[in-house]
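See below for the structure under consideration.
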Amino acid sequence: MNRRDTLKALGLTAIGSTVLLNSCTTDSKTSKKIGKEDLKEAPGREAFELERINRLNSEVFFDKHEMATLTILVDIIIPKDDVSGSATDAGVPDFIEFIVKDLPGHKLPMRGGLKWLDMQCLRQFNNTFKDCTESQQIELIDEIAYPNKAKPEMAQGVAFFTRLRDLTASGFYTSKIGIEDIGYKGNTPNRWEGVPAEEIIKYKL
Amino acid sequence: MKEFQIKKSTKKYDAIIVGSGAGGGMTGYVLANAGLNVLMLEAGPFFDPIIDSHQLKWPWESPRRGASNIRPFGDFDAAYGGWELDGEPYTKTDKTEFEWFRARMLGGRTNHWGRISLRMGPNDFKGKSYDGQTDDWPISYDDVKPYYDKVDRLIGVYGSKEGMESEPDGIFLTPPKPRLTELFIMDGAKKAGVKVLPGRGSVLTEKLPGNEDRGVCFFCGQCGRSCKVYADFSSSSCLVIPAIRSGNLEVISNAMVREVLTDKDGKATAVSYVDKGDMQEYQVEGRIIVLAASACESARILLNSKSNNHPNGLANSSGIIGKYLHDSTGVSMTGFLPQLMDRKRYNEDGVGSVHIYSPWWLDNKKLDFPRGYHIEYWGGLGMPSYGFGMNTPVLNGMVPDRQGNRKEAGGYGKSLKDDYRRFYGTEIGLAGRGMAIAREDNYCEIDPQVVDKYGIPVLRFHYKWSDAELKQAKHMQETFAEMLDAMGAIGTSQAKGPEEQYGLLKPGEIIHEVGTVRMGDDPKTSALNKWNQAHDCKNLFVVDGAPFVQQGDKNPTWTILALSMRTAEYILEERKKQNLS
């Protein structure tokens with residue numbers, strides 16, 4: 001196989017490239033329903049995998065209130081800064097809606113955790129989390145964001161926030177915005193020639 | 001037409017091969033290219049990496065962002081299947097554990113494997129002669145060496161000549177250079193007295209001489225997804241598909257084999273299978289039958305192939321089939337290198353196999369466990385996937401922040417977002433893969449009560465680690481902790497005590513299971529002769545991991561390839577002499 005054939009196999013030449021890449025895509029962001037006629041046209045996937053994604057996309061787990069709360073929370077965890085946009089800019093709430101259905105072990109702790117959070121806020125501030133002021137929200141988050149110094153009575157909140165923080169990071173850094181932010185440079189044909197010379201000097205290797 | 005009948009094909013093949021992984025693929029390749037009319041039965045769908053690989057996809061192209069709940073090695077991994085298959089259970093007895101990984105697809109597990117391609121050494125074949133701790137193979141390294149050489153030339157493997165007797169050199173392509181994390185690992189290893197070598201992997205880091213069908217590696221590091229340009233070894237792309245092109249090999253996919261049929265003289269005549277598409281029963285006839293369905297599946301087929309001539313199952317007059325099941329041991333530890341925080345970004349994907357590894361470097365005669373292990377390493381600026389950054393809110397409490405102050409672990413907001421960047425590319429892992437001793441009392445057998453959805457009786461496993469594996473695991477943990485310390489890393493995994501078997505993974509989890517239809521000179525203690533030919537049935541062969549008497553700490557694939565090539569050439573010779581008909 002010469003270089004041109006190699007690129008062609010990867011779908012990187014003009015001819016045929018879009019057809020190949022599009023047909024391989026199971027992008028959930030388009031939330032396109034994959035019908036029986038599409039199954040044959042989705043290479044590298046077993047039918048049950050596509051049926052599962054199709055089914056999960058047709059279900060709704062979080063209600064409006066929960067989703068509004070989540071949206072505020074994920075942007076507290078990963079806000080917009082000088083480098084990149086926020087978690088919601090990267091579509092994290094939609095990712096979380098999908099992943100709790102796909103990994104159903106997340107369902108109860110997420111739903112219950114959101115409820116726990118609202119109850120704490122009602123008790124302390126007489127409002128649900130979403131309707132608290134920003135400073136009230138942060139006051140509560142400060143009590144559950146640091147596992148080693150949180151008070152014992154906040155332990156359930158810590159467990160919830162830790163889970164949500166991990167899901168938020170997963171959703172954000174696997175998005176286009178997040179990959180650019182973190183600076184991952186790979187996933188493209190290249191030639192690996194070893195660690196750059198200036199790095200060898202920098203680390204005295 | 002009756003609703004349920006067995007459909008018999010009228011064509012008689014020179015050979016029928018069950019399974020399309022390393023052993024089946026190699027046997028099919030050799031026999032088809034020698035002009036035999038070959039039929040291959042595969043329990044899963046057709047798979048061609050050029051069409052079916054998920055290579056170069058981005059994490060957002062998976063709705064689960066690469067999570068491993070459906071495919072155990074992540075959503076882009078090439079393997080169809082896993083430790084659990086819908087409607088195809090297996091059972092365990094005496095509260096023992098065994099996890100059975102099955103990839104049902106053309107090429108089997110070779111589509112996603114780590115491509116780590118190590119030869120077994122002279123002592124690995126002759127453990128009994130060496131110290132009496134393990135059984136001898138009926139063949140020696142010298143018998144296999146010419147086939148290792150031919151496999152190296154046919155398929156390609158990178159590595160470096162080292163002249164270590166226990167780690168025989170091959171015919172090597174250029175190995176990839178180490179990544180930054182690997183340079184630190186090498187430094188730590190040196191201080192801890194652990195040997196490190198350039199990796200050995202079946203990835204074409206340069207053009208394979210004489211081969212025009214395969215591309216050269218372009219360093220995406222995604223061998224686990226299988227390679228669209230065929231630059232790594234998958235049985236599908238490198239053996240089966242070329243064999244189909246010869247015009248002499250046909251594949252029936254989604255064919256779940258039930259049993260091997262024999263005639264009144266006990267000779268193998270046909271294979272019966274269920275077509276997973278129409279759920280009908282089929283029989284195909286062959287002059288030679290070759291099983292390559294994986295160590296446990298081949299044992300299952302033989303044990304389920306009972307007849308008057310073979311009442312214990314085919315080729316099982318010894319009662320040995322299923323016994324001596326053994327998988328490699330596995331222990332891992334992780335850490336991060338604080339000196340690499342805020343590191344420069346560049347593409348260090350490299351190859352999808354190992355850039356460096358540690359061969360077993362110590363003398364067991366001076367240790368309290370009889371057999372050793374090799375070490376594989378990971379780390380670097382990898383592509384983010386589900387689970388990314390999970391450790392960051394823990395690690396950020398272990399080191400000073402940008403201003404040099406102690407930071408509370410956890411957090412949120414701009415400061416946490418900065419930490420995700422700071423720690424990216426600092427994490428590393430050390431994974432030991434050791435030699436487990438093949439024992440008669442670790443086995444699989446037919447469960448007398450349970451069948452799968454095709455009505456085929458299933459396997460029941462019985463497997464326990466022994467003192468040899470536990471002490472080896474303990475040594476791995478101690479070594480890894482010492483290495484992490486020596487390279488200036490902070491450990492992020494807790495060493496496990498005896499109550500958790502020193503972190504030893506469950507048998508089956510390393511997916512190197514072999515030994516269930518072992519070879520030997522004595523028909524009373526082995527099922528196959530030294531050519532992988534059944535003692536009890538001369539036109540029946542087994543060419544996957546099942547014939548292994550005792551694997552080394554080396555990954556078994558290269559040895560499966562060498563032995564199946566040797567068997568295929570033997571079949572051609574014996575056929576010429578009309579010894580198989």
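How things are named: the first chain in the structure tokens is A, the next is B, and so on; residues count from 1 in each chain; ligands count from 1 in the order shown.
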Determine, counting only C-alpha atoms, which protein, DNA and RNA residues have an atom within 7 Å of an atom of range 349-351 of chain B; residues of the same chain fewer than 4 positions away are not included. Present the result as a list in words.
Gly186 and Trp192 of chain A; Phe219, Cys220, Gly221 and Gly382 of chain B
Quick one: write out the picked residues with N, CA and C atoms as a PDB file, in the first residue's frame?
ATOM      1  N   GLY A 186      -3.213  14.902  19.068  1.00  0.00           N
ATOM      2  CA  GLY A 186      -3.099  13.688  18.256  1.00  0.00           C
ATOM      3  C   GLY A 186      -4.319  13.391  17.412  1.00  0.00           C
ATOM      4  N   TRP A 192       5.985   9.619  14.431  1.00  0.00           N
ATOM      5  CA  TRP A 192       6.517   9.766  15.790  1.00  0.00           C
ATOM      6  C   TRP A 192       8.031   9.586  15.760  1.00  0.00           C
TER       7      TRP A 192
ATOM      8  N   PHE B 219       1.021   6.268  13.208  1.00  0.00           N
ATOM      9  CA  PHE B 219       1.184   6.691  14.603  1.00  0.00           C
ATOM     10  C   PHE B 219      -0.028   7.414  15.194  1.00  0.00           C
ATOM     11  N   CYS B 220      -1.173   6.742  15.171  1.00  0.00           N
ATOM     12  CA  CYS B 220      -2.359   7.275  15.848  1.00  0.00           C
ATOM     13  C   CYS B 220      -2.548   6.614  17.215  1.00  0.00           C
ATOM     14  N   GLY B 221      -1.781   5.551  17.475  1.00  0.00           N
ATOM     15  CA  GLY B 221      -1.880   4.901  18.784  1.00  0.00           C
ATOM     16  C   GLY B 221      -3.183   4.156  19.018  1.00  0.00           C
ATOM     17  N   GLY B 382      -2.689  11.350  26.107  1.00  0.00           N
ATOM     18  CA  GLY B 382      -3.630  10.546  25.329  1.00  0.00           C
ATOM     19  C   GLY B 382      -4.929  11.272  25.006  1.00  0.00           C
TER      20      GLY B 382
END
Alpha helix (DSSP H) per DSSP on the backbone: members of chain A, as number ranges by chain:
A: 3-9, 17-24, 36-39, 47-58, 64-77, 92-102, 107-125, 134-144, 155-173, 176-182, 197-202
List as number ranges by chain the protein and nucleic acid residues near Pro109 in chain A, meaning an atom at most 8 Å away when only C-alpha atoms are counted, but skip any in the same chain fewer than 4 places from it.
A: 105, 113, 160
Go ahead and write the selection's residues with C-alpha atoms as a CSV table (one decimal), in the first residue's frame.
chain,number,residue,atom,x,y,z
A,105,GLY,CA,-26.1,3.2,38.1
A,113,GLY,CA,-28.5,14.0,44.9
A,160,PHE,CA,-23.2,13.6,44.8
Residues near range 100-109 of chain B, cut-off 6 Å, only C-alpha atoms, skip fewer than 4 positions along chain, as a list in words
Ser20, Gly21, Ala43, Gly44, Pro45, Phe46, Phe47, Ala79, Tyr80, Gly81, Gly82, Trp83, Ser235, Ser236 and Gly508 of chain B
Could you give me, as a PyMOL selection string, each residue of range 286-499 of chain B that DSSP assigns to strand (DSSP E) when run on this structure's backbone?
chain B and resi 286-291+329-336+356-358+373-379+427-434+443-451+457-462+490-491
Leaving out range 489-497 of chain B and any residue of its chain fewer than 5 positions from it, which residues lie within 6 Å of it when counting only C-alpha atoms, given as a ChimeraX atom specification?
/B:333-337,484,502-503
Can I get the selection written as a PDB file, in the first residue's frame, with C-alpha atoms?
ATOM      1  CA  MET B 333      -0.341   0.234  39.928  1.00  0.00           C
ATOM      2  CA  THR B 334      -0.718   3.869  38.907  1.00  0.00           C
ATOM      3  CA  GLY B 335       0.852   7.193  39.780  1.00  0.00           C
ATOM      4  CA  PHE B 336       1.576  10.637  38.428  1.00  0.00           C
ATOM      5  CA  LEU B 337       4.747  12.577  37.762  1.00  0.00           C
ATOM      6  CA  LEU B 484       7.297   4.844  41.228  1.00  0.00           C
ATOM      7  CA  TYR B 502      -2.164  -8.537  46.427  1.00  0.00           C
ATOM      8  CA  GLY B 503      -4.228  -6.934  43.669  1.00  0.00           C
TER       9      GLY B 503
END
If you take only C-alpha atoms and a cut-off of 7 Å, which residues of chain B touch chain A, and what are their nearest atom pairs and distances in Å to one decimal, in chain and number order, as CSV?
residue,atom,partner,partner_atom,distance
B:Ile50,CA,A:Ala9,CA,6.4
B:Ile51,CA,A:Pro43,CA,6.3
B:Asp52,CA,A:Gly44,CA,3.9
B:Ser53,CA,A:Gly44,CA,5.9
B:His54,CA,A:Gly44,CA,6.9
B:Leu56,CA,A:Asn187,CA,5.6
B:Pro59,CA,A:Thr174,CA,5.4
B:Trp60,CA,A:Ser175,CA,5.5
B:Glu61,CA,A:Asp27,CA,4.6
B:Ser62,CA,A:Asp27,CA,6.2
B:Pro63,CA,A:Ser28,CA,5.1
B:Arg64,CA,A:Ile99,CA,6.1
B:Arg65,CA,A:Thr174,CA,6.4
B:Lys177,CA,A:Gly194,CA,5.0
B:Pro178,CA,A:Gly194,CA,6.1
B:Arg179,CA,A:Val195,CA,5.9
B:Leu180,CA,A:Val195,CA,5.9
B:Glu212,CA,A:Met1,CA,5.4
B:Asp213,CA,A:Met1,CA,5.3
B:Arg214,CA,A:Met1,CA,5.2
B:Gly215,CA,A:Met1,CA,4.8
B:Phe218,CA,A:Pro189,CA,5.0
B:Phe219,CA,A:Asn190,CA,6.0
B:Cys220,CA,A:Asn187,CA,5.5
B:Lys228,CA,A:Ala9,CA,6.2
B:Val229,CA,A:Thr6,CA,5.8
B:Arg345,CA,A:Gly183,CA,6.2
B:Tyr346,CA,A:Lys185,CA,5.5
B:Asn347,CA,A:Gly186,CA,4.7
B:Glu348,CA,A:Trp192,CA,6.8
B:Asp349,CA,A:Gly186,CA,6.0
B:Gly350,CA,A:Trp192,CA,5.6
B:Leu381,CA,A:Tyr184,CA,6.7
B:Met383,CA,A:Tyr184,CA,6.4
B:Pro384,CA,A:Thr174,CA,5.7
B:Ser385,CA,A:Thr174,CA,5.8
B:Tyr386,CA,A:Ser170,CA,5.0
B:Gly387,CA,A:Ser170,CA,5.4
B:Phe388,CA,A:Ser170,CA,5.3
B:Gly389,CA,A:Ala169,CA,6.1
B:Met390,CA,A:Asp166,CA,5.4
B:Glu408,CA,A:Tyr146,CA,6.7
B:Ala409,CA,A:Tyr146,CA,6.0
B:Gly410,CA,A:Tyr146,CA,4.8
B:Gly411,CA,A:Ala145,CA,5.1
B:Tyr412,CA,A:Ile77,CA,4.5
B:Gly413,CA,A:Ile77,CA,4.8
B:Lys414,CA,A:Pro79,CA,6.4
B:Lys417,CA,A:Ile78,CA,6.2
B:Arg421,CA,A:Ile182,CA,5.6
Output file for the residues above (N, CA and C atoms, as a CSV table (one decimal), in the first residue's frame):
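Dumped everything to part04.csv:
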chain,number,residue,atom,x,y,z
B,50,ILE,N,-10.8,-2.1,7.2
B,50,ILE,CA,-10.8,-0.9,6.3
B,50,ILE,C,-12.2,-0.3,6.3
B,51,ILE,N,-13.2,-1.1,6.6
B,51,ILE,CA,-14.6,-0.6,6.6
B,51,ILE,C,-15.1,-0.4,8.1
B,52,ASP,N,-14.8,-1.4,8.9
B,52,ASP,CA,-15.4,-1.4,10.2
B,52,ASP,C,-14.7,-0.8,11.4
B,53,SER,N,-13.4,-0.4,11.2
B,53,SER,CA,-12.6,0.2,12.3
B,53,SER,C,-13.2,1.6,12.6
B,54,HIS,N,-13.1,1.9,13.9
B,54,HIS,CA,-13.4,3.3,14.4
B,54,HIS,C,-12.2,4.2,14.5
B,56,LEU,N,-9.5,6.9,14.2
B,56,LEU,CA,-9.5,8.4,13.9
B,56,LEU,C,-10.8,9.0,14.2
B,59,PRO,N,-13.8,11.5,20.4
B,59,PRO,CA,-14.7,11.0,21.5
B,59,PRO,C,-16.1,11.4,21.3
B,60,TRP,N,-16.4,12.6,20.8
B,60,TRP,CA,-17.8,13.1,20.7
B,60,TRP,C,-18.6,12.3,19.7
B,61,GLU,N,-17.9,11.5,18.8
B,61,GLU,CA,-18.6,10.7,17.9
B,61,GLU,C,-19.2,9.4,18.5
B,62,SER,N,-18.9,9.2,19.8
B,62,SER,CA,-19.6,8.2,20.6
B,62,SER,C,-20.5,8.9,21.6
B,63,PRO,N,-21.8,8.5,21.6
B,63,PRO,CA,-22.7,9.2,22.5
B,63,PRO,C,-22.3,8.9,24.0
B,64,ARG,N,-21.6,7.8,24.2
B,64,ARG,CA,-21.1,7.5,25.6
B,64,ARG,C,-19.7,7.9,25.7
B,65,ARG,N,-19.2,8.7,24.8
B,65,ARG,CA,-17.8,9.3,24.8
B,65,ARG,C,-16.7,8.2,25.1
B,177,LYS,N,10.3,5.1,19.3
B,177,LYS,CA,11.1,5.7,20.4
B,177,LYS,C,10.1,6.0,21.6
B,178,PRO,N,10.7,6.1,22.8
B,178,PRO,CA,9.9,6.2,24.0
B,178,PRO,C,9.3,7.6,24.1
B,179,ARG,N,8.1,7.7,24.8
B,179,ARG,CA,7.5,9.0,25.0
B,179,ARG,C,8.1,9.6,26.3
B,180,LEU,N,7.7,10.8,26.6
B,180,LEU,CA,8.4,11.5,27.7
B,180,LEU,C,8.1,10.8,29.0
B,212,GLU,N,2.9,-5.9,-0.5
B,212,GLU,CA,2.3,-4.7,-1.1
B,212,GLU,C,0.9,-4.4,-0.7
B,213,ASP,N,0.3,-5.3,0.2
B,213,ASP,CA,-1.1,-5.1,0.5
B,213,ASP,C,-1.3,-4.3,1.8
B,214,ARG,N,-0.2,-4.1,2.6
B,214,ARG,CA,-0.4,-3.5,3.9
B,214,ARG,C,0.2,-2.1,4.0
B,215,GLY,N,-0.4,-1.2,4.6
B,215,GLY,CA,0.1,0.2,4.8
B,215,GLY,C,1.1,0.2,5.9
B,218,PHE,N,0.9,5.1,10.8
B,218,PHE,CA,1.0,6.6,10.8
B,218,PHE,C,0.8,7.1,12.2
B,219,PHE,N,1.0,6.3,13.2
B,219,PHE,CA,1.2,6.7,14.6
B,219,PHE,C,0.0,7.4,15.2
B,220,CYS,N,-1.2,6.7,15.2
B,220,CYS,CA,-2.4,7.3,15.8
B,220,CYS,C,-2.5,6.6,17.2
B,228,LYS,N,-7.2,0.6,9.6
B,228,LYS,CA,-7.8,0.7,8.3
B,228,LYS,C,-6.8,0.5,7.2
B,229,VAL,N,-5.5,0.7,7.5
B,229,VAL,CA,-4.5,0.5,6.4
B,229,VAL,C,-3.7,-0.8,6.6
B,345,ARG,N,2.5,20.6,25.1
B,345,ARG,CA,1.6,19.7,24.3
B,345,ARG,C,2.2,19.4,22.9
B,346,TYR,N,2.2,18.2,22.6
B,346,TYR,CA,2.5,17.8,21.2
B,346,TYR,C,1.9,16.4,21.0
B,347,ASN,N,1.9,15.9,19.8
B,347,ASN,CA,1.3,14.6,19.5
B,347,ASN,C,2.3,13.5,19.8
B,348,GLU,N,2.0,12.8,20.9
B,348,GLU,CA,2.8,11.6,21.2
B,348,GLU,C,2.0,10.3,21.2
B,349,ASP,N,1.0,10.3,20.3
B,349,ASP,CA,0.1,9.1,20.2
B,349,ASP,C,1.0,7.8,20.0
B,350,GLY,N,2.0,7.9,19.1
B,350,GLY,CA,2.9,6.8,18.9
B,350,GLY,C,2.1,5.6,18.3
B,381,LEU,N,0.1,12.0,26.9
B,381,LEU,CA,-0.9,13.0,26.4
B,381,LEU,C,-1.9,12.3,25.5
B,383,MET,N,-5.7,10.7,24.1
B,383,MET,CA,-7.0,11.2,23.7
B,383,MET,C,-8.0,11.1,24.9
B,384,PRO,N,-8.6,12.2,25.3
B,384,PRO,CA,-9.6,12.2,26.4
B,384,PRO,C,-10.7,11.2,26.0
B,385,SER,N,-11.2,10.6,27.0
B,385,SER,CA,-12.4,9.7,26.9
B,385,SER,C,-13.2,9.7,28.1
B,386,TYR,N,-14.3,9.0,28.2
B,386,TYR,CA,-15.1,8.9,29.4
B,386,TYR,C,-14.2,8.6,30.6
B,387,GLY,N,-14.3,9.3,31.6
B,387,GLY,CA,-13.5,9.1,32.8
B,387,GLY,C,-12.3,10.1,32.9
B,388,PHE,N,-12.2,10.9,31.9
B,388,PHE,CA,-11.1,11.9,31.8
B,388,PHE,C,-11.1,12.8,33.0
B,389,GLY,N,-10.0,13.1,33.6
B,389,GLY,CA,-9.9,14.1,34.7
B,389,GLY,C,-10.5,13.6,36.1
B,390,MET,N,-10.9,12.3,36.1
B,390,MET,CA,-11.5,11.8,37.4
B,390,MET,C,-10.5,12.0,38.6
B,408,GLU,N,-6.6,22.6,48.9
B,408,GLU,CA,-7.5,21.6,49.4
B,408,GLU,C,-8.0,20.7,48.2
B,409,ALA,N,-7.9,19.4,48.3
B,409,ALA,CA,-8.3,18.5,47.3
B,409,ALA,C,-9.8,18.7,46.9
B,410,GLY,N,-10.1,18.7,45.6
B,410,GLY,CA,-11.5,18.8,45.2
B,410,GLY,C,-11.6,20.2,44.4
B,411,GLY,N,-12.7,20.9,44.7
B,411,GLY,CA,-12.9,22.2,44.1
B,411,GLY,C,-13.8,22.2,42.9
B,412,TYR,N,-13.9,23.4,42.3
B,412,TYR,CA,-14.7,23.7,41.2
B,412,TYR,C,-14.3,25.0,40.5
B,413,GLY,N,-14.9,25.3,39.4
B,413,GLY,CA,-14.7,26.6,38.8
B,413,GLY,C,-13.3,26.8,38.1
B,414,LYS,N,-13.0,28.1,37.9
B,414,LYS,CA,-11.8,28.4,37.1
B,414,LYS,C,-10.5,27.7,37.6
B,417,LYS,N,-10.6,24.1,36.7
B,417,LYS,CA,-10.4,24.0,35.2
B,417,LYS,C,-8.9,24.2,34.9
B,421,ARG,N,-5.9,21.2,33.3
B,421,ARG,CA,-4.8,21.4,32.3
B,421,ARG,C,-3.5,21.1,32.9
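The spacing separating CA of Ser253 in chain B from CA of Asp14 in chain B amounts to 18.9 Å.
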Computed interatomic separation between CA of Gln156 in chain A and CA of Lys101 in chain A (Å)
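The value is 21.8 Å.
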Counting only C-alpha atoms, the residue of B:Val194, B:Ile252, B:Ile320, B:Ile301 that sits nearest Leu362 in chain B:
B:Val194
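One distance worth recording is that between CA of Glu574 in chain B and CA of Asp544 in chain B, which is 20.1 Å.
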